[in-house]
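Structure file coords_37.txt (compact mmCIF, C-alpha atoms) is printed below.
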# COMPACT_ATOMS: atom_id res chain seq x y z
CA MET Z 12 -24.13 3.85 18.73
CA ASN Z 13 -20.34 3.71 19.05
CA ALA Z 14 -19.29 5.43 22.30
CA LEU Z 15 -16.52 7.30 20.50
CA SER Z 16 -18.93 8.76 17.96
CA ARG Z 17 -20.98 10.35 20.79
CA LEU Z 18 -18.09 12.62 21.75
CA PRO Z 19 -18.43 16.16 20.37
CA VAL Z 20 -16.54 16.82 17.13
CA GLY Z 21 -13.13 18.29 17.97
CA VAL Z 22 -13.02 16.91 21.52
CA ASP Z 23 -10.54 14.17 22.37
CA PRO Z 24 -10.55 11.74 25.27
CA PRO Z 25 -8.20 12.78 28.10
CA GLY Z 26 -4.64 11.49 28.04
CA GLU Z 27 -4.52 11.02 24.26
CA ARG Z 28 -1.13 11.20 22.55
CA ARG Z 29 -0.98 12.46 19.00
CA ARG Z 30 1.45 12.99 16.17
CA ARG Z 31 2.08 16.55 15.07
CA GLY Z 32 -0.69 17.59 12.71
CA ALA Z 33 -3.09 14.79 13.68
CA ARG Z 34 -6.78 15.55 13.40
CA SER Z 35 -8.81 15.93 16.58
CA GLY Z 36 -12.29 14.55 17.07
CA VAL Z 37 -14.23 12.74 14.36
CA PHE Z 38 -13.04 13.38 10.80
CA GLY Z 39 -13.77 12.06 7.33
CA VAL Z 40 -11.70 11.15 4.29
CA LEU Z 41 -12.95 10.91 0.73
CA ASP Z 42 -11.28 9.02 -2.12
CA ILE Z 43 -12.92 10.14 -5.37
CA GLY Z 44 -11.86 7.90 -8.24
CA THR Z 45 -12.96 7.00 -11.74
CA THR Z 46 -14.40 3.61 -10.80
CA LYS Z 47 -15.29 4.07 -7.11
CA VAL Z 48 -15.90 6.62 -4.39
CA VAL Z 49 -14.88 5.69 -0.84
CA CYS Z 50 -15.70 7.57 2.35
CA LEU Z 51 -14.25 6.68 5.75
CA ILE Z 52 -15.16 8.34 9.04
CA ALA Z 53 -12.70 7.85 11.88
CA ARG Z 54 -11.16 9.28 14.99
CA ILE Z 55 -7.67 8.95 16.46
CA GLU Z 56 -7.36 6.70 19.50
CA GLY Z 57 -5.08 7.12 22.48
CA ASP Z 58 -2.12 5.41 20.82
CA GLY Z 59 -2.29 7.75 17.83
CA GLU Z 60 -3.82 5.20 15.45
CA PRO Z 61 -7.15 5.73 13.64
CA ARG Z 62 -10.29 3.71 14.24
CA VAL Z 63 -12.90 3.63 11.48
CA LEU Z 64 -16.40 4.44 12.69
CA GLY Z 65 -18.13 4.50 9.31
CA PHE Z 66 -17.47 3.14 5.82
CA GLY Z 67 -19.19 3.97 2.53
CA TRP Z 68 -18.49 2.74 -0.98
CA GLN Z 69 -20.15 3.52 -4.31
CA ARG Z 70 -19.39 2.78 -7.95
CA GLY Z 71 -17.73 5.82 -9.50
CA ARG Z 72 -19.79 8.11 -11.70
CA GLY Z 73 -19.11 11.43 -13.36
CA VAL Z 74 -15.32 11.10 -13.09
CA LYS Z 75 -12.87 10.36 -15.90
CA GLY Z 76 -9.12 10.23 -15.64
CA GLY Z 77 -9.36 11.44 -12.04
CA SER Z 78 -11.24 14.64 -12.98
CA ILE Z 79 -14.93 15.44 -12.59
CA ILE Z 80 -16.73 15.59 -15.95
CA ASP Z 81 -20.37 15.42 -14.76
CA LEU Z 82 -21.23 17.35 -11.60
CA GLU Z 83 -24.63 15.74 -11.08
CA GLU Z 84 -23.44 12.16 -11.49
CA ALA Z 85 -20.38 12.74 -9.30
CA GLU Z 86 -22.56 14.41 -6.67
CA ARG Z 87 -24.86 11.38 -6.53
CA ALA Z 88 -21.96 8.96 -6.05
CA ILE Z 89 -20.29 11.12 -3.39
CA ARG Z 90 -23.54 11.74 -1.49
CA ALA Z 91 -24.32 8.01 -1.48
CA ALA Z 92 -20.86 7.00 -0.22
CA VAL Z 93 -20.81 9.73 2.45
CA GLY Z 94 -24.37 8.88 3.49
CA GLN Z 95 -23.47 5.23 4.04
CA ALA Z 96 -20.48 6.18 6.19
CA GLU Z 97 -22.45 8.78 8.16
CA GLU Z 98 -25.23 6.31 8.91
CA MET Z 99 -22.76 3.72 10.16
CA ALA Z 100 -20.85 6.26 12.28
CA ASP Z 101 -24.02 8.01 13.48
CA THR Z 102 -22.50 11.40 12.72
CA GLN Z 103 -22.62 14.04 9.99
CA LEU Z 104 -19.61 15.40 8.15
CA SER Z 105 -19.17 19.05 7.26
CA GLY Z 106 -15.90 18.45 5.43
CA ALA Z 107 -13.30 15.84 4.57
CA ILE Z 108 -9.69 15.20 3.64
CA VAL Z 109 -9.86 14.58 -0.11
CA ASN Z 110 -7.48 12.83 -2.49
CA LEU Z 111 -5.94 14.87 -5.32
CA SER Z 112 -6.09 13.05 -8.64
CA CYS Z 113 -7.71 15.74 -10.79
CA GLY Z 114 -6.17 18.53 -12.81
CA GLN Z 115 -3.16 16.64 -14.22
CA PRO Z 116 -1.06 17.00 -11.04
CA ASP Z 117 2.55 17.93 -11.73
CA SER Z 118 5.60 17.62 -9.51
CA ARG Z 119 8.86 19.54 -9.41
CA LEU Z 120 11.94 19.96 -7.23
CA LEU Z 121 13.37 23.46 -6.79
CA HIS Z 122 16.61 24.59 -5.13
CA VAL Z 123 16.24 27.75 -3.06
CA GLN Z 124 19.09 29.70 -1.39
CA TRP Z 125 18.09 32.06 1.42
CA PRO Z 126 20.39 34.60 3.16
CA ILE Z 127 20.49 34.27 6.95
CA GLY Z 128 23.46 36.54 7.70
CA GLY Z 129 25.06 34.77 10.63
CA ARG Z 130 22.01 34.53 12.89
CA ALA Z 131 19.85 31.57 13.98
CA VAL Z 132 17.36 30.15 11.49
CA THR Z 133 13.72 30.75 12.41
CA GLU Z 134 10.45 29.22 11.29
CA GLN Z 135 9.77 32.46 9.42
CA ASP Z 136 12.88 31.75 7.32
CA LEU Z 137 11.51 28.32 6.40
CA ARG Z 138 8.16 29.80 5.43
CA ALA Z 139 9.94 32.44 3.36
CA ILE Z 140 11.85 29.70 1.51
CA LEU Z 141 8.64 27.83 0.78
CA THR Z 142 6.94 31.02 -0.39
CA GLU Z 143 9.89 31.71 -2.69
CA GLY Z 144 9.72 28.17 -4.04
CA ARG Z 145 6.01 28.55 -4.65
CA ARG Z 146 6.60 31.87 -6.45
CA ARG Z 147 9.19 30.29 -8.74
CA GLY Z 148 6.95 27.33 -9.47
CA THR Z 149 3.83 29.38 -10.25
CA GLU Z 150 2.33 28.84 -13.69
CA ASP Z 151 -0.75 30.44 -15.22
CA GLY Z 152 -3.83 28.30 -14.68
CA ARG Z 153 -2.14 26.13 -12.04
CA GLU Z 154 -2.43 26.11 -8.24
CA THR Z 155 0.15 24.78 -5.78
CA VAL Z 156 -1.44 22.08 -3.65
CA HIS Z 157 1.56 20.60 -1.82
CA GLY Z 158 4.76 22.43 -0.94
CA ALA Z 159 7.32 21.04 1.46
CA PRO Z 160 11.09 21.02 2.01
CA VAL Z 161 12.86 17.76 1.17
CA SER Z 162 16.23 18.63 2.73
CA PHE Z 163 18.24 21.62 3.95
CA THR Z 164 21.84 22.72 3.51
CA VAL Z 165 23.28 24.89 6.29
CA ASP Z 166 26.15 26.78 4.65
CA ALA Z 167 28.20 23.86 3.26
CA THR Z 168 26.59 21.15 5.39
CA PRO Z 169 23.93 19.16 3.51
CA GLY Z 170 21.36 16.69 4.82
CA VAL Z 171 20.03 18.79 7.71
CA GLU Z 172 16.52 17.69 8.72
CA ASP Z 173 15.54 20.69 10.88
CA PRO Z 174 17.72 23.82 10.69
CA ARG Z 175 15.69 25.92 13.11
CA GLY Z 176 17.93 27.43 15.76
CA MET Z 177 21.12 26.71 13.77
CA VAL Z 178 23.43 29.64 12.97
CA CYS Z 179 24.56 30.09 9.36
CA ASP Z 180 25.14 32.63 6.60
CA THR Z 181 23.07 30.89 3.91
CA LEU Z 182 20.31 28.33 4.14
CA GLY Z 183 19.63 26.16 1.11
CA ALA Z 184 16.60 23.96 0.59
CA ARG Z 185 15.26 21.46 -1.90
CA VAL Z 186 11.57 22.26 -2.15
CA HIS Z 187 9.08 19.79 -3.60
CA LEU Z 188 5.94 21.30 -5.13
CA VAL Z 189 2.82 19.61 -6.48
CA ASP Z 190 0.38 21.71 -8.48
CA ALA Z 191 -2.80 21.09 -10.44
CA SER Z 192 -5.12 22.81 -12.87
CA GLN Z 193 -7.15 25.57 -11.24
CA ALA Z 194 -10.18 24.75 -13.38
CA ALA Z 195 -10.18 21.10 -12.23
CA LEU Z 196 -9.81 22.19 -8.60
CA ARG Z 197 -12.74 24.57 -9.02
CA ASN Z 198 -14.88 21.75 -10.38
CA LEU Z 199 -13.90 19.55 -7.44
CA GLY Z 200 -14.77 22.31 -5.00
CA ALA Z 201 -18.08 22.98 -6.75
CA CYS Z 202 -19.03 19.29 -6.66
CA LEU Z 203 -18.26 18.95 -2.96
CA ALA Z 204 -20.09 22.21 -2.21
CA ARG Z 205 -23.18 20.66 -3.84
CA CYS Z 206 -22.73 17.77 -1.38
CA ASP Z 207 -22.56 20.25 1.54
CA LEU Z 208 -18.94 19.31 2.17
CA GLU Z 209 -15.80 21.39 2.48
CA VAL Z 210 -12.34 20.36 1.33
CA GLN Z 211 -10.41 20.46 4.59
CA GLU Z 212 -7.18 19.23 3.02
CA LEU Z 213 -6.08 17.93 -0.36
CA VAL Z 214 -3.59 15.05 -0.36
CA SER Z 215 -1.90 13.72 -3.49
CA SER Z 216 -3.29 10.26 -4.25
CA PRO Z 217 0.09 8.52 -4.72
CA LEU Z 218 1.38 10.10 -1.50
CA ALA Z 219 -1.62 8.64 0.31
CA ALA Z 220 -1.03 5.22 -1.30
CA GLY Z 221 2.58 5.36 -0.15
CA LEU Z 222 1.61 6.15 3.44
CA ALA Z 223 -0.67 3.10 3.43
CA THR Z 224 1.70 0.57 1.87
CA LEU Z 225 5.36 1.49 2.43
CA VAL Z 226 7.40 0.47 5.45
CA GLU Z 227 9.74 3.02 6.98
CA ASP Z 228 12.90 1.41 5.58
CA GLU Z 229 11.51 1.64 2.05
CA LYS Z 230 10.82 5.36 2.48
CA ARG Z 231 14.34 5.82 3.79
CA ILE Z 232 16.40 3.83 1.25
CA GLY Z 233 14.26 4.80 -1.74
CA ALA Z 234 11.13 3.31 -3.27
CA THR Z 235 8.53 4.03 -5.92
CA VAL Z 236 4.84 3.45 -5.25
CA ILE Z 237 2.71 2.76 -8.34
CA ASP Z 238 -1.01 3.11 -7.62
CA MET Z 239 -2.89 1.42 -10.47
CA GLY Z 240 -6.35 2.92 -10.25
CA GLY Z 241 -9.38 2.63 -12.46
CA GLY Z 242 -8.82 5.70 -14.65
CA THR Z 243 -5.22 6.66 -13.90
CA THR Z 244 -1.92 5.19 -12.76
CA SER Z 245 -0.05 7.46 -10.37
CA LEU Z 246 3.41 7.14 -8.91
CA ALA Z 247 5.22 8.57 -5.92
CA VAL Z 248 8.97 8.44 -5.28
CA PHE Z 249 10.22 8.42 -1.70
CA SER Z 250 13.83 8.90 -0.65
CA GLU Z 251 15.43 9.58 2.74
CA GLY Z 252 11.98 9.54 4.28
CA HIS Z 253 10.52 12.25 2.03
CA LEU Z 254 8.26 12.40 -0.99
CA ILE Z 255 10.41 13.80 -3.80
CA HIS Z 256 8.35 13.23 -6.95
CA THR Z 257 4.87 12.38 -8.11
CA ALA Z 258 3.39 11.84 -11.56
CA GLN Z 259 0.14 10.67 -13.10
CA ILE Z 260 -0.49 8.66 -16.25
CA PRO Z 261 -3.98 8.70 -17.85
CA VAL Z 262 -4.13 4.91 -18.13
CA GLY Z 263 -5.68 2.54 -15.61
CA GLY Z 264 -7.76 -0.57 -15.11
CA TRP Z 265 -10.66 0.95 -17.05
CA GLN Z 266 -8.56 0.95 -20.23
CA VAL Z 267 -7.90 -2.77 -19.76
CA THR Z 268 -11.64 -3.39 -19.44
CA ASN Z 269 -12.33 -1.25 -22.50
CA ASP Z 270 -9.73 -3.15 -24.54
CA LEU Z 271 -11.42 -6.44 -23.68
CA ALA Z 272 -14.89 -5.10 -24.51
CA ARG Z 273 -13.73 -3.66 -27.83
CA VAL Z 274 -11.70 -6.61 -29.08
CA LEU Z 275 -14.19 -9.27 -27.94
CA SER Z 276 -17.33 -7.23 -28.80
CA THR Z 277 -18.71 -7.98 -25.35
CA PRO Z 278 -20.61 -5.71 -22.92
CA ILE Z 279 -18.51 -3.57 -20.56
CA ASN Z 280 -19.86 -5.35 -17.47
CA HIS Z 281 -18.85 -8.75 -18.81
CA ALA Z 282 -15.43 -7.43 -19.88
CA GLU Z 283 -14.88 -6.30 -16.29
CA ARG Z 284 -15.95 -9.73 -15.06
CA LEU Z 285 -13.55 -11.44 -17.48
CA LYS Z 286 -10.71 -9.20 -16.32
CA THR Z 287 -11.44 -9.80 -12.64
CA LEU Z 288 -12.02 -13.56 -12.74
CA HIS Z 289 -9.81 -14.74 -15.60
CA GLY Z 290 -7.53 -11.83 -16.52
CA GLY Z 291 -3.78 -11.77 -16.19
CA ALA Z 292 -0.57 -10.52 -17.74
CA MET Z 293 1.21 -13.86 -17.81
CA GLY Z 294 0.05 -16.99 -19.59
CA ALA Z 295 -0.11 -20.60 -18.39
CA ALA Z 296 0.41 -23.88 -20.20
CA ASP Z 297 -3.28 -24.70 -20.55
CA ASP Z 298 -4.50 -21.22 -21.55
CA GLU Z 299 -5.14 -22.28 -25.15
CA ARG Z 300 -7.37 -25.13 -23.99
CA GLU Z 301 -9.32 -23.21 -21.33
CA MET Z 302 -12.35 -21.81 -23.18
CA LEU Z 303 -14.32 -18.95 -21.64
CA PRO Z 304 -17.93 -17.95 -22.46
CA VAL Z 305 -18.27 -14.43 -23.92
CA PRO Z 306 -21.70 -12.89 -24.60
CA LEU Z 307 -21.71 -10.58 -27.63
CA VAL Z 308 -23.00 -7.02 -27.75
CA GLY Z 309 -26.50 -6.80 -29.20
CA GLU Z 310 -26.97 -10.56 -29.49
CA ASP Z 311 -29.55 -12.70 -27.71
CA GLU Z 312 -28.59 -13.95 -24.26
CA ASP Z 313 -28.22 -17.51 -25.51
CA HIS Z 314 -25.79 -16.43 -28.25
CA ILE Z 315 -22.47 -17.04 -26.51
CA ALA Z 316 -19.05 -17.10 -28.12
CA ARG Z 317 -16.14 -19.01 -26.60
CA VAL Z 318 -12.57 -17.77 -26.59
CA PRO Z 319 -9.40 -19.26 -25.09
CA ARG Z 320 -8.03 -17.65 -21.95
CA ALA Z 321 -4.81 -17.06 -23.91
CA MET Z 322 -6.70 -14.46 -25.92
CA ILE Z 323 -7.67 -12.60 -22.74
CA VAL Z 324 -4.03 -12.56 -21.61
CA ASN Z 325 -2.87 -11.34 -25.04
CA ILE Z 326 -5.26 -8.39 -24.83
CA ILE Z 327 -4.34 -7.41 -21.25
CA ARG Z 328 -0.55 -7.78 -21.39
CA PRO Z 329 0.19 -5.07 -24.02
CA ARG Z 330 -1.83 -2.49 -22.09
CA LEU Z 331 0.01 -3.25 -18.82
CA GLU Z 332 3.36 -3.23 -20.63
CA GLU Z 333 2.52 0.19 -22.04
CA THR Z 334 1.58 1.43 -18.56
CA PHE Z 335 4.86 0.31 -16.99
CA GLU Z 336 6.81 1.75 -19.93
CA PHE Z 337 5.13 5.10 -19.29
CA VAL Z 338 6.16 4.84 -15.62
CA ARG Z 339 9.75 4.10 -16.59
CA GLU Z 340 9.82 7.08 -18.95
CA ARG Z 341 8.42 9.40 -16.29
CA LEU Z 342 11.05 8.31 -13.78
CA GLU Z 343 13.86 8.79 -16.28
CA ALA Z 344 12.55 12.20 -17.40
CA ALA Z 345 12.27 13.40 -13.80
CA GLY Z 346 15.88 12.44 -13.07
CA VAL Z 347 14.97 10.63 -9.85
CA ALA Z 348 15.71 7.07 -10.94
CA LYS Z 349 18.79 6.87 -8.70
CA GLU Z 350 17.06 8.27 -5.61
CA ALA Z 351 14.09 5.98 -6.24
CA GLY Z 352 16.32 2.99 -5.54
CA THR Z 353 15.55 -0.48 -6.78
CA ARG Z 354 12.29 -1.01 -4.91
CA VAL Z 355 8.82 -0.73 -6.46
CA VAL Z 356 5.54 -1.27 -4.61
CA LEU Z 357 2.45 -1.94 -6.75
CA THR Z 358 -0.94 -1.16 -5.32
CA GLY Z 359 -4.42 -0.23 -6.52
CA GLY Z 360 -7.08 -2.46 -8.06
CA ALA Z 361 -5.26 -3.26 -11.32
CA SER Z 362 -2.18 -4.43 -9.40
CA GLN Z 363 -4.14 -7.57 -8.47
CA LEU Z 364 -4.08 -8.89 -12.04
CA ILE Z 365 -2.12 -12.14 -12.17
CA GLY Z 366 1.38 -11.52 -13.49
CA ALA Z 367 1.31 -7.72 -13.00
CA ARG Z 368 4.14 -7.92 -10.48
CA GLU Z 369 6.37 -10.03 -12.72
CA LEU Z 370 5.67 -7.85 -15.75
CA ALA Z 371 6.49 -4.68 -13.80
CA ALA Z 372 9.77 -6.20 -12.60
CA ARG Z 373 10.76 -7.02 -16.18
CA VAL Z 374 9.83 -3.65 -17.71
CA LEU Z 375 11.16 -1.49 -14.85
CA ASP Z 376 14.16 -3.71 -14.04
CA ARG Z 377 13.50 -3.35 -10.31
CA GLN Z 378 12.42 -5.43 -7.34
CA VAL Z 379 8.62 -5.36 -7.15
CA ARG Z 380 6.16 -6.34 -4.47
CA ILE Z 381 2.39 -5.96 -4.15
CA GLY Z 382 1.51 -3.30 -1.59
CA ARG Z 383 -1.34 -4.32 0.66
CA PRO Z 384 -2.41 -1.50 2.96
CA ARG Z 385 -1.90 -1.76 6.69
CA SER Z 386 -4.79 -3.05 8.75
CA VAL Z 387 -6.99 -0.38 10.30
CA ARG Z 388 -9.19 -0.87 13.34
CA GLY Z 389 -12.86 -0.96 12.52
CA LEU Z 390 -12.38 -1.23 8.76
CA PRO Z 391 -14.27 -4.12 7.09
CA ASP Z 392 -12.07 -6.84 5.60
CA THR Z 393 -13.63 -6.15 2.20
CA ALA Z 394 -12.09 -2.65 2.26
CA GLY Z 395 -8.60 -3.69 3.27
CA GLY Z 396 -7.03 -4.63 -0.08
CA PRO Z 397 -4.91 -2.72 -2.65
CA PRO Z 398 -7.94 -0.97 -4.24
CA PHE Z 399 -8.40 0.94 -0.97
CA ALA Z 400 -4.76 2.00 -0.47
CA ALA Z 401 -5.39 5.69 -1.18
CA ALA Z 402 -8.36 5.89 1.21
CA ILE Z 403 -6.38 4.19 3.99
CA GLY Z 404 -3.46 6.51 3.30
CA LEU Z 405 -5.77 9.51 3.75
CA LEU Z 406 -6.59 8.13 7.20
CA ALA Z 407 -2.86 7.90 7.95
CA TRP Z 408 -2.44 11.53 6.88
CA GLY Z 409 -5.31 12.48 9.20
CA ALA Z 410 -3.43 10.70 11.99
CA GLY Z 411 -0.40 12.93 11.36
CA GLU Z 412 1.75 10.59 9.26
CA GLY Z 413 3.80 11.94 6.38
CA ARG Z 414 3.53 15.54 7.51
CA PRO Z 415 6.61 17.57 6.56
CA LEU Z 416 8.49 19.79 8.99
CA ILE Z 417 6.65 22.77 7.58
CA ASP Z 418 4.43 23.08 4.55
CA ILE Z 419 2.24 25.39 2.53
CA ILE Z 420 -0.62 22.96 2.08
CA PRO Z 421 -3.71 25.14 1.66
CA GLY Z 422 -5.88 23.24 4.11
CA ALA Z 423 -6.75 23.13 7.80
CA ASP Z 424 -5.08 25.68 10.04
CA ARG Z 425 -2.97 23.82 12.57
CA HIS Z 426 -3.70 26.32 15.33
CA GLY Z 427 -7.34 27.35 15.08
CA GLY Z 428 -8.80 24.42 13.22
CA ARG Z 429 -10.28 26.88 10.69
CA LEU Z 430 -10.06 26.38 6.96
CA ARG Z 431 -7.24 28.30 5.41
CA ARG Z 432 -6.09 29.36 1.97
CA PHE Z 433 -7.47 26.54 -0.14
CA ILE Z 434 -11.03 26.87 1.15
CA GLU Z 435 -10.91 30.65 0.74
CA TRP Z 436 -9.49 30.15 -2.75
CA LEU Z 437 -12.36 27.84 -3.64
CA ARG Z 438 -15.00 30.12 -2.11
CA VAL Z 439 -13.80 33.05 -4.17
CA ARG Z 440 -13.79 31.12 -7.41
CA VAL Z 441 -16.65 28.59 -7.20
Just give me the structure of the file as C-alpha cells.
Amino acid sequence: MNALSRLPVGVDPPGERRRRGARSGVFGVLDIGTTKVVCLIARIEGDGEPRVLGFGWQRGRGVKGGSIIDLEEAERAIRAAVGQAEEMADTQLSGAIVNLSCGQPDSRLLHVQWPIGGRAVTEQDLRAILTEGRRRGTEDGRETVHGAPVSFTVDATPGVEDPRGMVCDTLGARVHLVDASQAALRNLGACLARCDLEVQELVSSPLAAGLATLVEDEKRIGATVIDMGGGTTSLAVFSEGHLIHTAQIPVGGWQVTNDLARVLSTPINHAERLKTLHGGAMGAADDEREMLPVPLVGEDEDHIARVPRAMIVNIIRPRLEETFEFVRERLEAAGVAKEAGTRVVLTGGASQLIGARELAARVLDRQVRIGRPRSVRGLPDTAGGPPFAAAIGLLAWGAGEGRPLIDIIPGADRHGGRLRRFIEWLRVRV
C-alpha cells in the first residue's frame, strides 16, 4: 500500500504548502465522456503538486454528446472506472471533482456596476457583484455552474486584479458565467448518486483542458483551447490570465468514426481502427496506391473490400473542416476573437489525427499547436496524452490552479469542507 494513501482523508503531512483552494487529503476526479470514463485518485504533495495514487479507465457507455442518456449503462462505466482507481489507491471515494460537459453549457460576460460610496471595498461587495451577475444571467431551466470576475474597474481605473481594501465610489466588474441545463445536471447527479458518489465540484471541461495544456504566457497574452473529445468539441478562451469564454459543439471524434462506418459500410469497431491507424486530414503522395482492407457489415469474415487511403482522408477531412468552421463561428459570435489572440492549442483524442493541426491553422487563420498535458507524478504513461487533458486538468483544479479571486461555484465549502449549494440543489431535485 502507498504510504500516502494510509493517511486519513482530509489530513495532510506536516509542513505542506498549498495553493489557495487546494484540496486536502486524498481526493478523486472523474472525467465522464462519450467514449471514455476516467477516474484519478490523488493527493497534493508538499510542493503543491498532485501525485496520482489510483487510475481507472473504461470505455464510455450511456453518454451521448456529453450528456447521460442511459443511467444504468453510465453507472456501470463509472463504477468500473472508479473501482479500478480505488483498488489501485487502496482507498474508497465518497465524492469527486467532476467535469461539466452535459446540459449544453453556455458562457456569457456581464458588466456589473456596484456603488461603494467612498469607502473601502470588501469581500462582501465582491460577492454582491457576483450575486447580481448571477441574477442577471438567470434563465428558466438553467443553473449557473461557474461564476467569477474577469477584471475590475475602480472608478475610472480599469485592470484591477484585487480591489479589496481600495477606496472608490463605484466598483465595476466583468463577470463570466457558465450555466447548464438543470435537467441534465439532475441526471448527472442521479447517476453519481447511484454510484454512491457526490459531486464535490463541477469544472467546465474546456477550462480543465486549458489548465492541463496551456503555459502561463499563453493564458496571459490570449489563447483558445480546443478540446476535441469523442462526442463533443469544446473550446475555452483565456486572456490576461482568466477564462473569458467557453462553448461546446456537438461534434467530435465519434462523428468521424460514424462517417467512416457509414460511407464504407464497415463495422463501427473497424471504422474506429481505420481512423486511429490510418486516418488523417491531409493526404500524401502515395495515398491512392496504399490499399487498406475493409470488412463489410453483414458479410463473411473472408469477404474483405480494399479501398485507397485517399478515400479515408477524403471522408475525414470534411468533418474536421466543419468542426473548425463551427469553432470559428462561435468565436466570432461571442466577440472574443481579439482577446483570444492568435494562439490555438488543440487537445483531446481527435486532435491526434494526422493533419488536424495544419487544417485548424488554415481554417482558423491562427497559430496552432498540439496540447499535450503536463506530466503528473504517479500517472501511467498511457494516460498522459491529449485524450486525458480534461482529467489531468481536473487534478490541477484540485491542486488549486485556475481558482478565481472569488467565485460562486456551487461546490465544496472552502472553510468547513462541507458540500455547499450544488450538492444541496441536487439533493432537493434528484
- [ ] Counting all atoms listed in the file, figure out which residue out of Z:Thr235, Z:Thr353, Z:Thr334, Z:Ser105 gets nearest to Ala204 of chain Z.
- [x] Z:Ser105
Open item on the list: Please determine, counting all atoms listed in the file, which residue among Z:Gly294, Z:Gly413, Z:Gly242, Z:Pro116 has the shortest atom-to-atom distance to Glu227 of chain Z.
Closed with: Z:Gly413
Open item on the list: Taking all atoms listed in the file into account, name the residue in Z:Ala371, Z:Ala247, Z:Leu51, Z:Ala107 that is nearest to Gly389 of chain Z.
Closed with: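 Smallest separation from Gly389 of chain Z among the options: Z:Leu51.
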Open item on the list: as a VMD selection string, please: the residues near Leu364 of chain Z (cut-off 9 Å, all atoms listed in the file, same-chain neighbours under 3 positions excluded).
Closed with: chain Z and resid 286 to 287 289 to 292 360 to 361 367 to 368
Open item on the list: Using only C-alpha atoms, list the residues that have an atom at most 8 Å from (1.9, 10.4, -12.2), coordinates as in the file, as JSON, numbers by chain.
Closed with: {"Z": [116, 117, 217, 244, 245, 246, 247, 257, 258, 259, 260, 338, 341]}
Write out, as CSV, each residue of segment 305-420 of chain Z that has an atom at most 12 Å from segment 163-176 of chain Z, together with the closest pair of atoms and their distance in Å to one decimal, counting only C-alpha atoms, rows going by chain and rising number.
residue,atom,partner,partner_atom,distance
Z:Pro415,CA,Z:Glu172,CA,10.1
Z:Leu416,CA,Z:Asp173,CA,7.4
Z:Ile417,CA,Z:Asp173,CA,9.7
Task: Point-to-point distance in Å for atom CA of Pro384 of chain Z and atom CA of Thr358 of chain Z - done: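 A separation of 8.4 Å between them.
Interatomic distance, atom CA of Ile140 of chain Z against atom CA of His157 of chain Z: 14.1 Å.
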Open item on the list: What does the structure give for the distance between atom CA of Cys206 of chain Z and atom CA of Asp392 of chain Z, in Å to one decimal?
Closed with: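 Separation between atom CA of Cys206 of chain Z and atom CA of Asp392 of chain Z: 27.7 Å.
Nearest residue to Glu83 of chain Z among Z:Ala33, Z:Ala407, Z:Ala201, Z:His253 is Z:Ala201, counting all atoms listed in the file.
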Could you give me, as a short mmCIF file (atom, residue, chain, number, x, y, z; two decimals) with C-alpha atoms, keeping the file's coordinate frame, the residues that have an atom at most 8 Å away from the point (-14.3, 18.3, -15.1) in the coordinates of the file, using only C-alpha atoms?
data_model
loop_
_atom_site.label_atom_id
_atom_site.label_comp_id
_atom_site.auth_asym_id
_atom_site.auth_seq_id
_atom_site.Cartn_x
_atom_site.Cartn_y
_atom_site.Cartn_z
CA VAL Z 74 -15.32 11.10 -13.09
CA SER Z 78 -11.24 14.64 -12.98
CA ILE Z 79 -14.93 15.44 -12.59
CA ILE Z 80 -16.73 15.59 -15.95
CA ASP Z 81 -20.37 15.42 -14.76
CA LEU Z 82 -21.23 17.35 -11.60
CA ALA Z 194 -10.18 24.75 -13.38
CA ALA Z 195 -10.18 21.10 -12.23
CA ASN Z 198 -14.88 21.75 -10.38
CA LEU Z 199 -13.90 19.55 -7.44
#
TODO: Give me the residues within 8 Å of segment 184-190 of chain Z as a PyMOL selection string, counting only C-alpha atoms and dropping any in the same chain fewer than 6 places off.
DONE: chain Z and resi 116-124+140-141+144-145+148+153-164+254-257
TODO: Using all atoms listed in the file, find the one residue out of Z:Ile279, Z:Val262, Z:Ile52, Z:Ala85 that sits nearest to Arg388 of chain Z.
DONE: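 Among the listed residues, the smallest separation from Arg388 of chain Z belongs to Z:Ile52.
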Specify the axis-aligned box that encloses all atoms of segment 153-168 of chain Z listed in the file after padding of 4 Å on each side, stating its centre and edge lengths in Å to one decimal as AutoDock Vina command-line options.
--center_x 12.9 --center_y 22.3 --center_z -2.9 --size_x 38.6 --size_y 17.0 --size_z 26.3
Task: Closest of Z:Glu299, Z:Glu229, Z:Asp238, Z:Asp270 to Leu285 of chain Z - atom-to-atom distances counting only C-alpha atoms - done: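 Residue with the minimum atom-to-atom distance to Leu285 of chain Z: Z:Asp270.
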TODO: Do a neighbour search on segment 41-45 of chain Z at 10 Å with all atoms listed in the file, toss out local chain neighbours closer than 4 positions, and write the hits as a ChimeraX atom specification.
DONE: /Z:49-52,67-79,85,88-89,92-93,106-113,199,210,213-214,216,219,240-243,263-265,399-406
